[in-house]
There are 2 protein chains.
Amino acid sequence: MLAAERREHLLDLLAREGKIVAKDVAAELGISEDSVRRDLRDLASEGLCQRVYGGALPVSPAVANYRARQSVAPDGKRKVAAVAAGLVRPGGALILDGGTTALAVVHALPRDLPCTVITHSPTIAAALIDHASAEIYLLGGRIFKHSAVACGAAAVEAAQNVSADLCFLGVTGVHPDAGLTTGDAEEAAMKRALAARAADTYVLASSEKIGTASRFRVLPWEEISGLITDADPHDPVIEELAGRGVEVLRAR
Amino acid sequence: MLAAERREHLLDLLAREGKIVAKDVAAELGISEDSVRRDLRDLASEGLCQRVYGGALPVSPAVANYRARQSVAPDGKRKVAAVAAGLVRPGGALILDGGTTALAVVHALPRDLPCTVITHSPTIAAALIDHASAEIYLLGGRIFKHSAVACGAAAVEAAQNVSADLCFLGVTGVHPDAGLTTGDAEEAAMKRALAARAADTYVLASSEKIGTASRFRVLPWEEISGLITDADPHDPVIEELAGRGVEVLRAR
DNA sequence: ACGATACATGCAGAAACGTGCAAGAACAGG
DNA sequence: CCTGTTCTTGCACGTTTCTGCATGTATCGT
């Protein structure tokens, strides 16, 4: 069994059973407890699990997904969100993806801006309740825990019934060759469905996403109107994208 | 059972039931009371619970941190929610209305209960993200700011595609003659649509709702399976309801 | 005031842990 | 193909942590 394979197994186990007992796993896989402990130590140092006496527990979703992800680059996300919010015209309709960057866009929107926001994220919808003059339209469906948004057939179908001027998409990878990518196939399909319903689609990508790629392609470059990022315009990846005709809006 | 897991369990128990009896927990988990006491002592030293003779109580709301804040729902609502949560069977499907009482039900649900929750409230959906083994299905539509839930034609239509074992409805008025009432016509229609999709519908009404009526009728008494309330069973309104054949589940 | 119960403390055995070390596998360079 | 290096893995050893029990004390209800 490969080491990487073993780590996958541990994470899978953690997700399915909610805990890992080092002793049990060692017996199950026929390896020493020392190796399991080493793996768990590594995973914990990457913030992928919480090490406890006897094994490991998942990082608490509330704290990990929200706090940790938010502290990755709060400043970058805020800047990107501010530029995005500036593109929204009074009375316009906006499709908003899920994720912390999209949440930052909500916070960046003027509280009294009259507009329609369409989203498949309950978190985004809940955050918008405070915006008195924003009309909110929620796309329903099965909620994918990983990113806390509605995905799947029902959600895609619901998206077919709406149209908007703008769509803001978050992605996990922005790469010249791989294009826009994300870590889940269902999510990728949902993002495509959303983008297809808006006249203009902008991708929100704070600098740490630039130059990276995830497993599933969301869209090719031709299908988006622009990229909003706080990355240095002289970054080689950004320059290559600009060379390919992608409009880059710089957040600063 | 991992030591850290045990601590999680204690905090969960504290949030759900509002108290911990060391002896009971020791018996339930099959460990010595000494260990439970040690855990409670540690939790208390971190400000996560308040140690009392015989067990522990949640920290007072004023100094409650994130975790304990989940238990600050008014006492009546928490009691009602606890009874409601007890009706949910593992593997069952539940339709959950919006509102603070429904939110209390989410907090009262064991974190590891496998079940399907269908809701039209983005707030409820967001709160359920932490429940690892709960499948969440979100009903989309236009969000009504007043109560922060999806209502209207699209939401009602989305509701037609689901079925569940149970439905928990919140209302603003419970009156022997007026029946179950709420303040908005669209909301009332939505609640009817939800109730129609479940085998059993229970109404959640903390005591301050008893005997009051709002403008719009939700359902007549005949169409609900029961009423869950913390009101005194000798309350004349409750007695009259019982006389009319309404099953009253008392929360205490 | 008194018995019952809960508690803190100390202790001992067991389990888990970290570290250093050596054997073996994987790999790069010659 | 050989060799040196690096990485992984399991084992041994000393240390830390956990847990239940025993003991004496504090607290509660009657």
# chains A, B, ... in the order shown; residues from 1 in each chain; ligands from 1
>>> residues_around(residues="Glu5 of chain B", least_positions_apart="4", cutoff="8 Å", atoms="only C-alpha atoms (C1' of nucleotides)", output="list in words")
Leu57 of chain A; Met1 and His9 of chain B
>>> write_last_selection(atoms="N, CA and C atoms", output="JSON list (two decimals), in the first residue's frame")
[["chain", "number", "residue", "atom", "x", "y", "z"],
["A", 57, "LEU", "N", -9.60, 13.14, 15.10],
["A", 57, "LEU", "CA", -10.98, 13.54, 14.85],
["A", 57, "LEU", "C", -10.99, 14.52, 13.68],
["B", 1, "MET", "N", -13.74, 4.14, 22.84],
["B", 1, "MET", "CA", -14.11, 5.57, 22.64],
["B", 1, "MET", "C", -12.93, 6.47, 23.00],
["B", 9, "HIS", "N", -18.85, 14.53, 22.99],
["B", 9, "HIS", "CA", -20.15, 14.00, 23.37],
["B", 9, "HIS", "C", -20.75, 14.78, 24.53]]
>>> residues_around(residues="Arg215 of chain A", least_positions_apart="3", cutoff="12 Å", atoms="only C-alpha atoms (C1' of nucleotides)", output="list in words")
Val171, Thr172, Gly173, Val174, His175, Ala178, Gly179, Leu180, Thr181, Thr182, Gly183, Asp184, Ala185, Glu186, Glu187, Ala188, Thr212 and Val218 of chain A
>>> write_last_selection(atoms="C-alpha atoms", output="short mmCIF file (atom, residue, chain, number, x, y, z; two decimals), in the first residue's frame")
data_model
loop_
_atom_site.label_atom_id
_atom_site.label_comp_id
_atom_site.auth_asym_id
_atom_site.auth_seq_id
_atom_site.Cartn_x
_atom_site.Cartn_y
_atom_site.Cartn_z
CA VAL A 171 -13.03 28.42 -8.44
CA THR A 172 -10.19 26.65 -6.69
CA GLY A 173 -7.76 26.66 -9.59
CA VAL A 174 -6.85 29.18 -12.30
CA HIS A 175 -4.33 27.81 -14.75
CA ALA A 178 -6.09 23.66 -17.38
CA GLY A 179 -8.45 26.65 -17.38
CA LEU A 180 -10.81 27.16 -14.46
CA THR A 181 -11.02 24.14 -12.23
CA THR A 182 -12.61 22.94 -9.01
CA GLY A 183 -12.38 19.88 -6.82
CA ASP A 184 -15.80 18.32 -7.37
CA ALA A 185 -17.49 17.23 -10.58
CA GLU A 186 -21.01 18.10 -9.45
CA GLU A 187 -19.89 21.53 -8.38
CA ALA A 188 -18.20 22.08 -11.71
CA THR A 212 -2.99 26.05 -9.57
CA VAL A 218 -15.38 24.29 -14.97
#
>>> calpha_fit_rmsd(fixed="chain A", moving="chain B")
15.7 Å
>>> interface_residues(of="chain C", to="chain B", cutoff="10 Å", atoms="only C-alpha atoms (C1' of nucleotides)", output="list in words")
DT5, DA6 and DC7 of chain C
>>> closest_atom_pairs(of="segment 69-129 of chain A", to="segment 135-146 of chain B", cutoff="10 Å", atoms="only C-alpha atoms", output="JSON lines")
{"residue": "A:Ile118", "atom": "CA", "partner": "B:Arg142", "partner_atom": "CA", "distance": 9.1}
{"residue": "A:Thr119", "atom": "CA", "partner": "B:Gly140", "partner_atom": "CA", "distance": 9.5}
{"residue": "A:His120", "atom": "CA", "partner": "B:Gly140", "partner_atom": "CA", "distance": 8.3}
{"residue": "A:Ser121", "atom": "CA", "partner": "B:Leu138", "partner_atom": "CA", "distance": 9.6}
{"residue": "A:Pro122", "atom": "CA", "partner": "B:Leu138", "partner_atom": "CA", "distance": 8.2}
{"residue": "A:Ala125", "atom": "CA", "partner": "B:Ile143", "partner_atom": "CA", "distance": 8.2}
{"residue": "A:Ala126", "atom": "CA", "partner": "B:Ile143", "partner_atom": "CA", "distance": 9.6}
{"residue": "A:Leu128", "atom": "CA", "partner": "B:Lys145", "partner_atom": "CA", "distance": 9.3}
{"residue": "A:Ile129", "atom": "CA", "partner": "B:Lys145", "partner_atom": "CA", "distance": 6.1}
>>> atom_distance(atom1="atom CA of Gly92 of chain A", atom2="atom CA of Asp200 of chain A")
12.1 Å
>>> interface_residues(of="chain D", to="chain B", cutoff="9 Å", atoms="only C-alpha atoms (C1' of nucleotides)", output="PyMOL selection string")
chain D and resi 18-20+27-28
>>> closest_residue(among="A:Ser214, A:Ser206, A:Ser163, A:Gln50", to="chain B", atoms="only C-alpha atoms")
A:Gln50
>>> select_by_dssp(residues="segment 73-227 of chain A", states="strand (DSSP E or B)", output="ChimeraX atom specification")
/A:93-96,115-119,134-138,141-144,149-151,164-170,173-175,179-182,198-204,210,216-219,226-227
>>> residues_around(residues="Gly18 of chain B", least_positions_apart="4", cutoff="8 Å", atoms="only C-alpha atoms (C1' of nucleotides)", output="short mmCIF file (atom, residue, chain, number, x, y, z; two decimals) with C-alpha atoms, in the first residue's frame")
data_model
loop_
_atom_site.label_atom_id
_atom_site.label_comp_id
_atom_site.auth_asym_id
_atom_site.auth_seq_id
_atom_site.Cartn_x
_atom_site.Cartn_y
_atom_site.Cartn_z
CA LEU B 13 -25.22 16.56 25.35
CA LEU B 14 -24.94 19.86 27.16
CA LEU B 57 -24.62 23.09 33.21
CA PRO B 58 -24.07 25.30 30.14
CA SER B 71 -28.11 26.54 23.67
#
>>> select_by_dssp(residues="segment 19-235 of chain B", states="alpha helix (DSSP H)", output="ChimeraX atom specification")
/B:22-29,33-45,66-69,75-86,100-108,122-128,152-159,185-196
>>> residues_around(residues="Ala231 of chain A", least_positions_apart="6", cutoff="8 Å", atoms="only C-alpha atoms (C1' of nucleotides)", output="PyMOL selection string")
chain A and resi 206-207+210+238+250-251
>>> write_last_selection(atoms="all heavy atoms", output="PDB file, in the first residue's frame")
ATOM      1  N   SER A 206      -8.681  34.991  -5.754  1.00  0.00           N
ATOM      2  CA  SER A 206      -7.615  35.675  -5.036  1.00  0.00           C
ATOM      3  C   SER A 206      -6.289  35.004  -5.390  1.00  0.00           C
ATOM      4  O   SER A 206      -6.251  33.886  -5.893  1.00  0.00           O
ATOM      5  CB  SER A 206      -7.884  35.650  -3.536  1.00  0.00           C
ATOM      6  OG  SER A 206      -8.371  34.392  -3.136  1.00  0.00           O
ATOM      7  N   SER A 207      -5.211  35.706  -5.121  1.00  0.00           N
ATOM      8  CA  SER A 207      -3.920  35.356  -5.717  1.00  0.00           C
ATOM      9  C   SER A 207      -3.461  33.923  -5.456  1.00  0.00           C
ATOM     10  O   SER A 207      -2.776  33.341  -6.287  1.00  0.00           O
ATOM     11  CB  SER A 207      -2.849  36.336  -5.228  1.00  0.00           C
ATOM     12  OG  SER A 207      -2.841  36.368  -3.825  1.00  0.00           O
ATOM     13  N   ILE A 210      -4.094  31.425  -8.280  1.00  0.00           N
ATOM     14  CA  ILE A 210      -3.491  31.614  -9.597  1.00  0.00           C
ATOM     15  C   ILE A 210      -2.354  30.621  -9.842  1.00  0.00           C
ATOM     16  O   ILE A 210      -1.459  30.467  -9.012  1.00  0.00           O
ATOM     17  CB  ILE A 210      -2.938  33.049  -9.747  1.00  0.00           C
ATOM     18  CG1 ILE A 210      -4.035  34.068  -9.429  1.00  0.00           C
ATOM     19  CG2 ILE A 210      -2.380  33.269 -11.154  1.00  0.00           C
ATOM     20  CD1 ILE A 210      -5.217  34.019 -10.346  1.00  0.00           C
ATOM     21  N   ILE A 238      -0.520  35.427 -14.930  1.00  0.00           N
ATOM     22  CA  ILE A 238      -1.463  36.485 -15.312  1.00  0.00           C
ATOM     23  C   ILE A 238      -1.114  37.028 -16.693  1.00  0.00           C
ATOM     24  O   ILE A 238      -2.004  37.246 -17.533  1.00  0.00           O
ATOM     25  CB  ILE A 238      -1.424  37.637 -14.267  1.00  0.00           C
ATOM     26  CG1 ILE A 238      -1.882  37.132 -12.892  1.00  0.00           C
ATOM     27  CG2 ILE A 238      -2.298  38.790 -14.726  1.00  0.00           C
ATOM     28  CD1 ILE A 238      -3.318  36.710 -12.826  1.00  0.00           C
ATOM     29  N   ARG A 250      -7.941  44.093 -12.102  1.00  0.00           N
ATOM     30  CA  ARG A 250      -7.049  44.007 -10.966  1.00  0.00           C
ATOM     31  C   ARG A 250      -7.657  44.612  -9.702  1.00  0.00           C
ATOM     32  O   ARG A 250      -8.094  45.764  -9.697  1.00  0.00           O
ATOM     33  CB  ARG A 250      -5.727  44.724 -11.283  1.00  0.00           C
ATOM     34  CG  ARG A 250      -4.772  44.570 -10.122  1.00  0.00           C
ATOM     35  CD  ARG A 250      -3.453  45.210 -10.371  1.00  0.00           C
ATOM     36  NE  ARG A 250      -2.589  44.987  -9.221  1.00  0.00           N
ATOM     37  CZ  ARG A 250      -1.498  45.682  -8.987  1.00  0.00           C
ATOM     38  NH1 ARG A 250      -1.115  46.620  -9.828  1.00  0.00           N
ATOM     39  NH2 ARG A 250      -0.779  45.426  -7.928  1.00  0.00           N
ATOM     40  N   ALA A 251      -7.660  43.816  -8.644  1.00  0.00           N
ATOM     41  CA  ALA A 251      -8.136  44.303  -7.349  1.00  0.00           C
ATOM     42  C   ALA A 251      -6.921  44.759  -6.564  1.00  0.00           C
ATOM     43  O   ALA A 251      -5.936  44.049  -6.478  1.00  0.00           O
ATOM     44  CB  ALA A 251      -8.861  43.181  -6.616  1.00  0.00           C
TER      45      ALA A 251
END
>>> atom_distance(atom1="atom CA of Val105 of chain A", atom2="atom CA of Thr123 of chain B")
18.6 Å
>>> atom_distance(atom1="atom CA of Arg244 of chain A", atom2="atom CA of Asp75 of chain A")
27.7 Å
>>> residues_around(residues="DT16 of chain D", least_positions_apart="4", cutoff="12 Å", atoms="only C-alpha atoms (C1' of nucleotides)", output="PyMOL selection string")
(chain A and resi 53) or (chain C and resi 15-18)
>>> closest_residue(among="A:Leu94, A:Val36, A:Leu11, A:Ala85", to="DG10 of chain D", atoms="only C-alpha atoms (C1' of nucleotides)")
A:Val36
>>> residues_around(residues="DT5 of chain D", least_positions_apart="4", cutoff="12 Å", atoms="only C-alpha atoms (C1' of nucleotides)", output="ChimeraX atom specification")
/C:26-29
>>> closest_residue(among="D:DC7, D:DA26, D:DC21, D:DC13", to="DG24 of chain C", atoms="only C-alpha atoms (C1' of nucleotides)")
D:DC7
>>> closest_residue(among="A:Val117, A:Ala148, A:Leu96, A:Leu48", to="chain B", atoms="only C-alpha atoms")
A:Ala148
